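Reviewing the structure listed below.
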Amino acid sequence: MVTIGIFSAFTPQNVMYLLGGLGVTVGVSLISVVLSLIFGSVVGIIQFERLPYFSKFVGTINNVIRNLPLLLIIFFVYFALPKIGIHLPIFWATVVAMSTFESAMLAEIVRGGLESIDIGQFEGARANGLSNVQTMVYIVLPQAYKKMIPPIISQLISLVKDTSLAMGIVLSEMTYRGQIVYAQNSTYIIPVLAVITLVYFILNYGLSLVARWADRKLA
C-alpha cells in the first residue's frame, strides 16, 4: 500500500504541476543571478574605489541590506512598495527582492576580491597609460574574478535554495507546488519532498561543476 501511495503521487497532472514550479524556480534564479552579478559588481567596485562620501553612503546601505533577513526583504518589496504606488507581480517582486539581497552579498565578495590584487598591478597598468576604467576592466577584474569564483558560486547556490522562501508570498515555485501536491494525501509527503530535494541537489551540484570548470579554464 505504501509503495502504491508513493507512485500515485506522481500522476501526469502532479508531475506537470511540479515541473511548472521548477520552471518558476529556474526563471527566478537565472534572472536574479544575472542581475546580482551586475549590480553586485558595480556596488563592490564603488566601495573599493573609496569615492569621497559616495562609497561610504553606498557601503552603509549595502551593510544594512546584508544584515536583513531575505524573507523580510521579500515581504517589504511585495507588501510595502504598493503603499507608495509601486505594484509588482509576485514573480518580479521575488526577483527584485532576491537580486537586491544577493547583490549586497556579492558586492562584499567583489570588494574583497579587488583588495586581494597586488597594488603593483594598478601602478603597472597606469604606468603604461591605461585609464582607471581600462585598468579595472582589462587588468584587475579578470584576476579578481578568478579568485572570487568559489565564493560567488557558493552565494549563487544559496540564491537558488532561497527561492523557496518566496512561498511566503505565495509564489508558485517548486516548493510551494510540492506542498499543494502532498496536501492531497499524507502518503505523498515523503516522495514529493524526496523529488524536490533531488532537483535542488541537481541544480546546485550543476552550479558547482560549472565553478570547477571555470576555475580550471581560468587557471
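All residue names refer to the C-alpha cells as shown: chains lettered A, B, ... in order, residues numbered from 1 in each chain, ligands numbered from 1 in order.
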Sorted per-residue table, segment 18-137 of chain A near segment 185-199 of chain A, closest atoms and distance, 12 Å, only C-alpha atoms, as CSV:
```
residue,atom,partner,partner_atom,distance
A:Leu18,CA,A:Ile196,CA,8.8
A:Leu19,CA,A:Ile196,CA,10.3
A:Gly21,CA,A:Ile196,CA,10.3
A:Leu22,CA,A:Val199,CA,8.5
A:Gly23,CA,A:Val199,CA,11.6
A:Thr25,CA,A:Val199,CA,10.7
A:Val26,CA,A:Val199,CA,10.8
```
If you take only C-alpha atoms and a cut-off of 8 Å, which residues of segment 71-135 of chain A touch segment 158-179 of chain A, and what are their nearest atom pairs and distances in Å to one decimal, in chain and number order, as a tab-separated table?
```
residue	atom	partner	partner_atom	distance
A:Leu71	CA	A:Leu165	CA	6.3
A:Ile74	CA	A:Ala166	CA	7.1
A:Phe75	CA	A:Ile169	CA	7.2
A:Tyr78	CA	A:Ile169	CA	7.5
A:Ile90	CA	A:Leu171	CA	6.0
A:Phe91	CA	A:Leu171	CA	6.6
A:Thr94	CA	A:Ala166	CA	6.5
A:Met98	CA	A:Leu159	CA	7.4
A:Glu102	CA	A:Leu159	CA	7.0
```
Alpha helix (DSSP H) call set, DSSP backbone run, segment 25-214 of chain A, as a PyMOL selection string:
chain A and resi 25-49+54-66+70-75+90-115+119-127+132-134+141-162+174-182+189-214
Near segment 141-152 of chain A, counting only C-alpha atoms, which residues have an atom at most 6 Å away, once you skip same-chain residues fewer than 3 positions from it, shown as an MDAnalysis selection string?
chainID A and resid 113:114 136:137 155
Which is closer to Val140 of chain A than all the others in A:Phe48, A:Tyr53, A:Tyr200, A:Tyr205, using only C-alpha atoms?
A:Phe48
So, counting only C-alpha atoms, which residue among A:Ala97, A:Ser8, A:Ser36, A:Gly124 is closest to Leu68 of chain A?
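So, comparing all the options, the nearest one is A:Ala97.
For the residues A:Asn204, A:Gln47, A:Ser99, A:Ser154, ranking by smallest atom-to-atom distance to Gly59 of chain A using only C-alpha atoms places A:Gln47 first.
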Taking only C-alpha atoms into account, which of A:Phe39, A:Phe10, A:Phe79, A:Tyr17 comes nearest Phe101 of chain A?
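Among the listed residues, the smallest separation from Phe101 of chain A belongs to A:Phe39.
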Considering only C-alpha atoms, state which residue in the set A:Tyr138, A:Gly206, A:Glu115, A:Val33 is at the smallest distance from Arg50 of chain A.
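Counting only C-alpha atoms, the residue closest to Arg50 of chain A is A:Glu115.
Taking only C-alpha atoms into account, Ile38 of chain A lies nearest to A:Thr100 out of the set A:Thr100, A:Gln121, A:Ser208, A:Ser116.
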